[in-house]
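Trainee: Got run.txt for you, compact mmCIF, C-alpha atoms and all ligand atoms:
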# COMPACT_ATOMS: atom_id res chain seq x y z
CA MET A 1 105.89 68.77 92.51
CA ALA A 2 104.26 65.91 94.48
CA VAL A 3 102.74 67.28 97.67
CA ASP A 4 102.22 65.32 100.89
CA MET A 5 99.13 67.07 102.20
CA GLU A 6 99.49 65.61 105.69
CA LEU A 7 102.93 67.19 106.07
CA GLU A 8 101.76 70.35 104.29
CA ALA A 9 99.18 70.85 107.03
CA VAL A 10 102.12 71.21 109.43
CA LEU A 11 104.41 73.23 107.13
CA ARG A 12 101.85 75.79 105.95
CA PRO A 13 101.39 78.76 108.28
CA PRO A 14 97.80 79.19 109.41
CA GLU A 15 96.07 82.12 107.70
CA CYS A 16 93.24 84.40 108.73
CA PRO A 17 90.49 85.24 106.23
CA GLN A 18 91.49 88.07 103.89
CA ALA A 19 89.15 90.43 102.03
CA HIS A 20 89.58 90.81 98.26
CA TYR A 21 90.95 94.07 96.80
CA PRO A 22 88.46 95.57 94.35
CA ALA A 23 90.21 96.48 91.10
CA LYS A 24 90.51 100.13 90.05
CA VAL A 25 91.79 102.10 87.10
CA ILE A 26 94.23 105.01 87.33
CA THR A 27 94.82 107.47 84.51
CA LEU A 28 98.57 108.16 84.50
CA ALA A 29 100.32 111.43 83.61
CA ASN A 30 100.79 110.19 80.01
CA SER A 31 96.99 109.52 79.76
CA LYS A 32 97.48 105.73 79.72
CA ARG A 33 95.07 103.81 81.91
CA MET A 34 96.62 101.45 84.47
CA VAL A 35 94.43 98.71 85.91
CA VAL A 36 95.37 97.83 89.49
CA ARG A 37 94.10 94.44 90.59
CA GLU A 38 94.77 91.62 92.98
CA VAL A 39 96.35 88.48 91.55
CA THR A 40 96.47 84.94 92.85
CA ARG A 41 99.07 82.25 93.46
CA ASP A 42 98.33 80.90 89.97
CA ASP A 43 99.80 84.10 88.51
CA VAL A 44 103.14 83.73 90.29
CA PRO A 45 105.04 81.97 87.45
CA THR A 46 104.18 84.92 85.16
CA LEU A 47 105.10 87.52 87.78
CA LEU A 48 108.47 85.82 88.28
CA LYS A 49 109.25 86.34 84.59
CA ALA A 50 108.66 90.09 84.97
CA VAL A 51 110.75 90.31 88.14
CA HIS A 52 113.65 88.14 86.95
CA PRO A 53 115.45 90.78 84.80
CA THR A 54 115.60 93.13 87.80
CA LEU A 55 117.84 90.70 89.67
CA PHE A 56 120.69 91.84 87.43
CA ILE A 57 120.03 95.59 87.48
CA ASP A 58 122.47 97.22 89.86
CA LYS A 59 120.72 100.57 89.87
CA ASP A 60 118.33 102.20 92.34
CA TYR A 61 118.33 98.94 94.40
CA TYR A 62 116.35 97.05 91.76
CA ASN A 63 118.52 93.93 92.28
CA VAL A 64 118.02 93.88 96.06
CA VAL A 65 114.29 94.50 95.88
CA GLY A 66 113.80 92.22 92.85
CA ALA A 67 115.57 89.28 94.54
CA ARG A 68 113.51 89.70 97.69
CA ILE A 69 110.24 89.88 95.75
CA TYR A 70 111.25 86.83 93.72
CA SER A 71 111.67 84.79 96.89
CA GLU A 72 108.52 86.20 98.50
CA LEU A 73 106.47 85.27 95.44
CA LEU A 74 107.80 81.70 95.47
CA ALA A 75 107.10 81.42 99.20
CA TRP A 76 103.55 82.62 98.51
CA GLN A 77 103.05 80.15 95.65
CA TYR A 78 104.17 77.26 97.86
CA TYR A 79 102.29 78.39 100.99
CA ARG A 80 105.39 79.26 102.99
CA VAL A 81 104.34 82.74 104.04
CA GLN A 82 101.33 83.83 106.02
CA ASN A 83 98.60 86.05 104.60
CA GLU A 84 100.52 87.55 101.69
CA PHE A 85 98.74 89.44 98.92
CA CYS A 86 99.94 90.88 95.66
CA LEU A 87 98.54 93.66 93.44
CA VAL A 88 99.73 94.33 89.91
CA GLY A 89 99.52 97.34 87.61
CA GLN A 90 98.78 96.66 83.94
CA ILE A 91 98.64 98.97 80.94
CA ASP A 92 97.07 97.34 77.86
CA GLY A 93 97.56 94.01 79.66
CA ILE A 94 101.30 94.61 80.12
CA MET A 95 102.59 94.40 83.68
CA VAL A 96 104.20 97.72 84.63
CA GLY A 97 104.65 97.21 88.35
CA MET A 98 103.63 95.25 91.40
CA VAL A 99 103.35 95.42 95.17
CA ASN A 100 103.21 92.71 97.78
CA SER A 101 102.47 92.75 101.46
CA ARG A 102 101.02 90.64 104.21
CA MET A 103 98.85 90.70 107.28
CA TYR A 104 101.19 90.34 110.25
CA THR A 105 98.19 90.15 112.56
CA ALA A 106 94.54 91.01 111.98
CA GLU A 107 95.32 94.58 113.08
CA THR A 108 98.82 95.16 111.70
CA GLY A 109 100.03 95.02 108.11
CA MET A 110 103.66 94.26 107.17
CA SER A 111 104.45 96.02 103.92
CA LEU A 112 106.84 94.00 101.78
CA HIS A 113 107.81 95.46 98.40
CA THR A 114 106.99 97.84 95.57
CA LEU A 115 108.51 97.51 92.10
CA ALA A 116 107.95 99.85 89.17
CA ILE A 117 108.96 98.60 85.74
CA ASP A 118 107.61 101.53 83.72
CA ARG A 119 109.29 104.60 85.20
CA GLY A 120 108.71 108.32 85.46
CA LEU A 121 104.90 107.95 85.75
CA ARG A 122 104.56 107.35 89.51
CA VAL A 123 103.48 103.78 88.77
CA GLY A 124 105.26 102.66 91.97
CA ALA A 125 103.75 105.49 94.03
CA HIS A 126 100.21 104.61 92.84
CA LEU A 127 100.73 100.92 93.52
CA PHE A 128 102.07 101.63 97.00
CA ALA A 129 99.01 103.80 97.66
CA ALA A 130 96.77 100.92 96.50
CA LYS A 131 98.57 98.59 98.89
CA MET A 132 97.92 100.98 101.81
CA GLU A 133 94.31 101.35 100.66
CA HIS A 134 93.93 97.57 100.79
CA HIS A 135 95.45 97.28 104.29
CA ILE A 136 93.41 100.07 105.81
CA GLU A 137 90.13 100.13 103.89
CA TYR A 138 89.51 96.54 102.77
CA LEU A 139 91.49 94.43 105.25
CA GLY A 140 90.35 96.91 107.94
CA GLN A 141 93.75 97.12 109.64
CA ASP A 142 94.83 99.77 112.14
CA GLU A 143 98.40 100.27 110.95
CA VAL A 144 101.01 99.20 108.42
CA LEU A 145 104.71 98.74 109.21
CA ILE A 146 106.99 99.92 106.41
CA VAL A 147 110.71 100.16 105.62
CA ALA A 148 112.50 101.56 102.59
CA GLU A 149 115.39 99.80 100.92
CA SER A 150 116.14 102.65 98.53
CA PRO A 151 116.40 106.45 98.69
CA ILE A 152 113.58 106.73 96.11
CA GLY A 153 111.42 104.48 98.31
CA PHE A 154 112.28 106.61 101.37
CA ARG A 155 111.22 109.76 99.51
CA ARG A 156 108.04 108.17 98.22
CA TRP A 157 106.82 106.58 101.45
CA MET A 158 108.42 108.12 104.55
CA ILE A 159 108.48 111.70 103.27
CA GLU A 160 105.35 111.85 101.09
CA TYR A 161 103.13 110.23 103.77
CA GLY A 162 104.99 111.69 106.77
CA LEU A 163 105.24 108.18 108.27
CA GLU A 164 105.87 107.81 112.00
CA PRO A 165 109.27 106.39 112.98
CA THR A 166 109.11 103.50 115.50
CA THR A 167 111.63 101.14 117.11
CA ILE A 168 109.71 98.04 115.92
CA PRO A 169 112.08 95.83 113.89
CA HIS A 170 110.64 95.18 110.43
CA GLU A 171 110.72 91.64 109.13
CA LEU A 172 112.70 92.85 106.08
CA GLY A 173 116.11 92.70 107.71
CA GLY A 174 115.22 94.12 111.11
CA ALA A 175 115.45 97.82 110.27
CA PRO A 176 113.26 100.01 112.51
CA SER A 177 109.79 100.25 110.96
CA TYR A 178 107.95 103.38 110.00
CA ARG A 179 104.22 103.30 110.64
CA LEU A 180 101.22 104.32 108.58
CA THR A 181 98.31 104.67 110.98
CA ARG A 182 94.65 104.86 109.91
CA GLU A 183 94.72 108.56 110.78
CA LEU A 184 97.77 109.21 108.59
CA TYR A 185 96.25 107.18 105.75
CA PHE A 186 93.02 109.19 105.73
CA ALA A 187 94.96 112.45 106.10
CA SER A 188 96.99 111.56 102.97
CA LYS A 189 94.21 109.86 100.99
CA ALA A 190 92.91 112.83 98.98
CA ARG A 191 96.47 113.73 97.92
CA LEU A 192 97.94 110.30 97.22
CA VAL A 193 95.31 107.58 96.71
CA VAL A 194 93.65 107.82 93.31
CA GLY A 195 91.68 105.64 90.90
CA ASP A 196 88.16 104.90 89.71
CA ARG A 197 85.86 101.95 90.25
CA PRO A 198 84.46 99.94 88.70
CA VAL A 199 87.02 99.27 85.99
CA PRO A 200 85.27 99.45 82.58
CA GLU A 201 84.42 95.90 81.47
CA GLU A 202 86.62 95.84 78.37
CA LEU A 203 89.66 97.11 80.29
CA MET A 204 89.17 94.54 83.02
CA ALA A 205 88.69 91.73 80.52
CA LEU A 206 91.95 92.66 78.79
CA ALA A 207 93.84 92.79 82.09
CA GLU A 208 92.43 89.45 83.25
CA LYS A 209 92.94 87.71 79.92
CA GLU A 210 96.71 87.68 80.33
CA ILE A 211 99.43 89.38 82.34
CA VAL A 212 101.74 90.28 79.49
CA VAL A 213 105.43 90.44 80.40
CA ALA A 214 107.62 92.73 78.29
CA ASP A 215 110.79 91.11 77.01
CA GLU A 216 113.88 91.32 79.15
CA ALA A 217 115.69 93.97 77.07
CA MET A 218 112.60 96.20 77.16
CA ILE A 219 112.26 95.84 80.94
CA ARG A 220 115.92 96.74 81.37
CA GLU A 221 115.64 99.73 79.10
CA LYS A 222 112.54 101.02 80.87
CA ILE A 223 114.18 100.73 84.28
CA VAL A 224 117.64 101.97 83.46
CA GLY A 225 116.43 104.54 80.94
CA LEU A 226 117.97 105.83 77.78
CA ARG A 227 119.47 108.74 79.68
CA GLY A 228 121.63 106.24 81.59
CA ARG A 229 120.27 107.55 84.87
C1 LIG B 1 110.67 103.07 94.46
C2 LIG B 1 109.84 102.88 93.20
C3 LIG B 1 108.79 101.80 93.42
C4 LIG B 1 109.14 104.22 92.91
O1 LIG B 1 108.41 104.07 91.71
P1 LIG B 1 107.71 105.35 90.99
O2 LIG B 1 106.89 106.07 92.00
O3 LIG B 1 107.03 104.83 89.81
O4 LIG B 1 108.93 106.30 90.64
P2 LIG B 1 110.11 106.10 89.55
O5 LIG B 1 111.08 105.08 90.04
O6 LIG B 1 109.58 105.93 88.18
O7 LIG B 1 110.79 107.51 89.59
C5 LIG B 1 111.44 108.00 90.73
C6 LIG B 1 112.23 109.22 90.32
O8 LIG B 1 113.34 108.81 89.55
C7 LIG B 1 113.30 109.38 88.24
N1 LIG B 1 113.81 108.32 87.35
C8 LIG B 1 114.84 107.52 87.65
N2 LIG B 1 115.10 106.67 86.65
C9 LIG B 1 114.22 106.90 85.70
C10 LIG B 1 114.00 106.33 84.41
N3 LIG B 1 114.71 105.35 83.93
N4 LIG B 1 112.98 106.82 83.68
C11 LIG B 1 112.23 107.81 84.18
N5 LIG B 1 112.40 108.36 85.38
C12 LIG B 1 113.40 107.95 86.14
C13 LIG B 1 111.88 109.83 88.05
O9 LIG B 1 111.80 110.93 87.22
C14 LIG B 1 111.40 110.15 89.47
O10 LIG B 1 111.67 111.46 89.85
P3 LIG B 1 110.69 112.21 90.89
O11 LIG B 1 110.87 111.54 92.22
O12 LIG B 1 111.18 113.61 90.85
O13 LIG B 1 109.29 112.03 90.39
C15 LIG B 1 110.76 102.52 91.98
O14 LIG B 1 111.80 103.47 91.87
C16 LIG B 1 111.37 101.14 92.11
O15 LIG B 1 110.77 100.13 91.75
N6 LIG B 1 112.61 101.10 92.62
C17 LIG B 1 113.35 99.86 92.81
C18 LIG B 1 112.79 99.06 93.95
C19 LIG B 1 112.56 99.89 95.18
O16 LIG B 1 113.38 100.67 95.60
N7 LIG B 1 111.37 99.68 95.76
C20 LIG B 1 110.96 100.35 96.95
C21 LIG B 1 111.62 99.70 98.10
S1 LIG B 1 111.22 100.56 99.56
Take the structure I supplied and represent it as structure tokens, if you would.
Ligand SMILES: CC(C)(COP(=O)(O)OP(=O)(O)OC[C@H]1O[C@@H](n2cnc3c(N)ncnc32)[C@H](O)[C@@H]1OP(=O)(O)O)[C@@H](O)C(=O)NCCC(=O)NCCS
Mentor:
Amino acid sequence: MAVDMELEAVLRPPECPQAHYPAKVITLANSKRMVVREVTRDDVPTLLKAVHPTLFIDKDYYNVVGARIYSELLAWQYYRVQNEFCLVGQIDGIMVGMVNSRMYTAETGMSLHTLAIDRGLRVGAHLFAAKMEHHIEYLGQDEVLIVAESPIGFRRWMIEYGLEPTTIPHELGGAPSYRLTRELYFASKARLVVGDRPVPEELMALAEKEIVVADEAMIREKIVGLRGR
């Protein structure tokens, strides 16, 4: 796409400097090691391929969340959203989940979405925890505003972290936000935020070499499950 940089300077929202998320590795309940790392705008076309099948999965709100992530990723790629970041989870290079979020202000984070492709391993819960870790510990923010679009999300975030209800409308549809404060984050950290650093060199090299996207039928089967749940 040809880009008029003069006009782009007007169309692109101004951004504040953003610290990098240091990669970590989490050993899951099935003993597989999941690398969690920050990706860049260049990775968006690959991420879109992993998200696309979810647009047609009418179960556990995957279609709603998938469609929103799809649009947020495109907006990020084309500089139409301010201070977004995206972390992915990879096992043996294969993408098993992702989270995205953004800095609303220097002090306040606006949590966007969490998507788990490999299920039953708390992949989504670990990725959400990594997103909160990034907001509070590396971006140095005071609070993160969060909403849940699904009952599983509500259980994972609002209940597991004991998030504070507020009346602040969240930018995802205006629902009242729940808040993770620094205090709540550090109170939950030992229980919910796991992982080791640095990531062993060979694991990191494999993750960075390529974000492998499982084929569409496999993604569908992993999400919907053989038990038809
Ligand atoms: C919410 C979400 C990120 C949580 O991911 P997660 O922590 O990895 O959890 P899972 O989705 O794998 O599992 C949630 C529960 O459903 C069960 N489950 C549902 N379908 C399953 C399947 N196909 N295979 C295995 N487990 C399944 C799990 O056993 C688990 O039970 P538990 O809560 O007792 O542990 C994930 O469910 C998801 O991506 N949902 C769609 C998008 C969404 O709602 N995002 C959050 C918006 S706020």
Trainee: Using all atoms listed in the file, pick whichever of A:Ala130, A:Ile168, A:Leu121, A:Leu87 has the shortest atom-to-atom distance to ligand LIG 1 (chain B).
Mentor: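 Of A:Ala130, A:Ile168, A:Leu121, A:Leu87, the one nearest ligand LIG 1 (chain B), counting all atoms listed in the file, is A:Leu121.
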Trainee: Taking all atoms listed in the file into account, report as an mmCIF file with C-alpha atoms, keeping the file's coordinate frame which residues have an atom no farther than 8 Å from an atom of ligand LIG 1 (chain B).
Mentor:
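Saved to pocket-v7.cif:
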data_model
loop_
_atom_site.group_PDB
_atom_site.id
_atom_site.type_symbol
_atom_site.label_atom_id
_atom_site.label_comp_id
_atom_site.auth_asym_id
_atom_site.auth_seq_id
_atom_site.Cartn_x
_atom_site.Cartn_y
_atom_site.Cartn_z
ATOM 1 C CA LYS A 59 120.720 100.570 89.870
ATOM 2 C CA ASP A 60 118.330 102.200 92.340
ATOM 3 C CA TYR A 61 118.330 98.940 94.400
ATOM 4 C CA TYR A 62 116.350 97.050 91.760
ATOM 5 C CA ASN A 63 118.520 93.930 92.280
ATOM 6 C CA VAL A 64 118.020 93.880 96.060
ATOM 7 C CA VAL A 65 114.290 94.500 95.880
ATOM 8 C CA GLY A 66 113.800 92.220 92.850
ATOM 9 C CA GLY A 97 104.650 97.210 88.350
ATOM 10 C CA HIS A 113 107.810 95.460 98.400
ATOM 11 C CA THR A 114 106.990 97.840 95.570
ATOM 12 C CA LEU A 115 108.510 97.510 92.100
ATOM 13 C CA ALA A 116 107.950 99.850 89.170
ATOM 14 C CA ILE A 117 108.960 98.600 85.740
ATOM 15 C CA ASP A 118 107.610 101.530 83.720
ATOM 16 C CA ARG A 119 109.290 104.600 85.200
ATOM 17 C CA GLY A 120 108.710 108.320 85.460
ATOM 18 C CA LEU A 121 104.900 107.950 85.750
ATOM 19 C CA ARG A 122 104.560 107.350 89.510
ATOM 20 C CA VAL A 123 103.480 103.780 88.770
ATOM 21 C CA GLY A 124 105.260 102.660 91.970
ATOM 22 C CA ALA A 125 103.750 105.490 94.030
ATOM 23 C CA HIS A 126 100.210 104.610 92.840
ATOM 24 C CA PHE A 128 102.070 101.630 97.000
ATOM 25 C CA VAL A 147 110.710 100.160 105.620
ATOM 26 C CA ALA A 148 112.500 101.560 102.590
ATOM 27 C CA GLU A 149 115.390 99.800 100.920
ATOM 28 C CA SER A 150 116.140 102.650 98.530
ATOM 29 C CA PRO A 151 116.400 106.450 98.690
ATOM 30 C CA ILE A 152 113.580 106.730 96.110
ATOM 31 C CA GLY A 153 111.420 104.480 98.310
ATOM 32 C CA PHE A 154 112.280 106.610 101.370
ATOM 33 C CA ARG A 155 111.220 109.760 99.510
ATOM 34 C CA ARG A 156 108.040 108.170 98.220
ATOM 35 C CA TRP A 157 106.820 106.580 101.450
ATOM 36 C CA GLU A 221 115.640 99.730 79.100
ATOM 37 C CA LYS A 222 112.540 101.020 80.870
ATOM 38 C CA ILE A 223 114.180 100.730 84.280
ATOM 39 C CA VAL A 224 117.640 101.970 83.460
ATOM 40 C CA GLY A 225 116.430 104.540 80.940
ATOM 41 C CA LEU A 226 117.970 105.830 77.780
ATOM 42 C CA ARG A 227 119.470 108.740 79.680
ATOM 43 C CA GLY A 228 121.630 106.240 81.590
ATOM 44 C CA ARG A 229 120.270 107.550 84.870
#
Trainee: In terms of the shortest atom-to-atom distance over all atoms listed in the file, which of A:Leu28, A:Ile57, A:Met95, A:Val51 is closest to Val213 of chain A?
Mentor: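 The shortest atom-to-atom distance to Val213 of chain A comes from A:Met95.
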Trainee: Which protein, DNA or RNA residues are at most 9 Å from (102.5, 101.2, 101.0) in the file's coordinates when you count all atoms listed in the file, listed as a PyMOL selection string?
Mentor: chain A and resi 99+101+111-114+125+127-133+135+144-146+157+180
Trainee: For atom CA of Gly93 of chain A and atom CA of Pro53 of chain A, quote the distance in Å rounded to one decimal.
Mentor: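 Separation of atom CA of Gly93 of chain A and atom CA of Pro53 of chain A: 18.9 Å.
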Trainee: Mind checking which residues fall within 9 Å of Val212 of chain A, counting all atoms listed in the file, ignoring those fewer than 6 positions away in the same chain, and posting them as JSON, numbers by chain?
Mentor: {"A": [46, 50, 90, 92, 93, 94, 95]}
Trainee: Kindly give the distance, in Å, that separates atom CA of Asp42 of chain A and atom CA of Arg197 of chain A, rounded to a single decimal.
Mentor: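 Distance between the two atoms: 24.5 Å.
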Trainee: Need to verify the contact set: Tyr78 of chain A, 12 Å, all atoms listed in the file, exclusion of same-chain residues closer than 2 positions in sequence. Can you return it as a short mmCIF file (atom, residue, chain, number, x, y, z; two decimals) with C-alpha atoms, keeping the file's coordinate frame?
Mentor:
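Below is the file that was written, result21.cif:
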data_model
loop_
_atom_site.label_atom_id
_atom_site.label_comp_id
_atom_site.auth_asym_id
_atom_site.auth_seq_id
_atom_site.Cartn_x
_atom_site.Cartn_y
_atom_site.Cartn_z
CA MET A 1 105.89 68.77 92.51
CA ALA A 2 104.26 65.91 94.48
CA VAL A 3 102.74 67.28 97.67
CA GLU A 8 101.76 70.35 104.29
CA LEU A 11 104.41 73.23 107.13
CA ARG A 12 101.85 75.79 105.95
CA PRO A 13 101.39 78.76 108.28
CA THR A 40 96.47 84.94 92.85
CA ARG A 41 99.07 82.25 93.46
CA ASP A 42 98.33 80.90 89.97
CA VAL A 44 103.14 83.73 90.29
CA PRO A 45 105.04 81.97 87.45
CA SER A 71 111.67 84.79 96.89
CA GLU A 72 108.52 86.20 98.50
CA LEU A 73 106.47 85.27 95.44
CA LEU A 74 107.80 81.70 95.47
CA ALA A 75 107.10 81.42 99.20
CA TRP A 76 103.55 82.62 98.51
CA ARG A 80 105.39 79.26 102.99
CA VAL A 81 104.34 82.74 104.04
CA GLN A 82 101.33 83.83 106.02
CA GLU A 84 100.52 87.55 101.69
#
Trainee: Taking N, CA and C atoms as the atom set, what does segment 69-85 of chain A look like once completed, written as an mmCIF file, keeping the file's coordinate frame?
Mentor:
data_model
loop_
_atom_site.group_PDB
_atom_site.id
_atom_site.type_symbol
_atom_site.label_atom_id
_atom_site.label_comp_id
_atom_site.auth_asym_id
_atom_site.auth_seq_id
_atom_site.Cartn_x
_atom_site.Cartn_y
_atom_site.Cartn_z
ATOM 1 N N ILE A 69 111.604 90.142 96.250
ATOM 2 C CA ILE A 69 110.240 89.880 95.750
ATOM 3 C C ILE A 69 110.185 88.487 95.130
ATOM 4 N N TYR A 70 111.235 88.150 94.383
ATOM 5 C CA TYR A 70 111.250 86.830 93.720
ATOM 6 C C TYR A 70 111.048 85.735 94.767
ATOM 7 N N SER A 71 111.775 85.838 95.860
ATOM 8 C CA SER A 71 111.670 84.790 96.890
ATOM 9 C C SER A 71 110.319 84.868 97.613
ATOM 10 N N GLU A 72 109.822 86.086 97.819
ATOM 11 C CA GLU A 72 108.520 86.200 98.500
ATOM 12 C C GLU A 72 107.385 85.618 97.639
ATOM 13 N N LEU A 73 107.515 85.807 96.325
ATOM 14 C CA LEU A 73 106.470 85.270 95.440
ATOM 15 C C LEU A 73 106.497 83.735 95.460
ATOM 16 N N LEU A 74 107.710 83.162 95.419
ATOM 17 C CA LEU A 74 107.800 81.700 95.470
ATOM 18 C C LEU A 74 107.248 81.169 96.795
ATOM 19 N N ALA A 75 107.606 81.845 97.883
ATOM 20 C CA ALA A 75 107.100 81.420 99.200
ATOM 21 C C ALA A 75 105.576 81.468 99.226
ATOM 22 N N TRP A 76 105.018 82.475 98.564
ATOM 23 C CA TRP A 76 103.550 82.620 98.510
ATOM 24 C C TRP A 76 102.963 81.463 97.689
ATOM 25 N N GLN A 77 103.567 81.216 96.516
ATOM 26 C CA GLN A 77 103.050 80.150 95.650
ATOM 27 C C GLN A 77 103.018 78.810 96.381
ATOM 28 N N TYR A 78 104.067 78.559 97.191
ATOM 29 C CA TYR A 78 104.170 77.260 97.860
ATOM 30 C C TYR A 78 103.702 77.320 99.321
ATOM 31 N N TYR A 79 102.887 78.299 99.660
ATOM 32 C CA TYR A 79 102.290 78.390 100.990
ATOM 33 C C TYR A 79 103.334 78.375 102.109
ATOM 34 N N ARG A 80 104.378 79.189 101.936
ATOM 35 C CA ARG A 80 105.390 79.260 102.990
ATOM 36 C C ARG A 80 105.444 80.646 103.619
ATOM 37 N N VAL A 81 104.423 81.417 103.415
ATOM 38 C CA VAL A 81 104.340 82.740 104.040
ATOM 39 C C VAL A 81 102.877 82.953 104.399
ATOM 40 N N GLN A 82 102.683 83.664 105.499
ATOM 41 C CA GLN A 82 101.330 83.830 106.020
ATOM 42 C C GLN A 82 100.669 85.092 105.469
ATOM 43 N N ASN A 83 99.444 84.914 104.976
ATOM 44 C CA ASN A 83 98.600 86.050 104.600
ATOM 45 C C ASN A 83 99.285 87.087 103.710
ATOM 46 N N GLU A 84 99.944 86.620 102.661
ATOM 47 C CA GLU A 84 100.520 87.550 101.690
ATOM 48 C C GLU A 84 99.435 87.936 100.681
ATOM 49 N N PHE A 85 99.568 89.107 100.089
ATOM 50 C CA PHE A 85 98.740 89.440 98.920
ATOM 51 C C PHE A 85 99.607 90.195 97.930
#
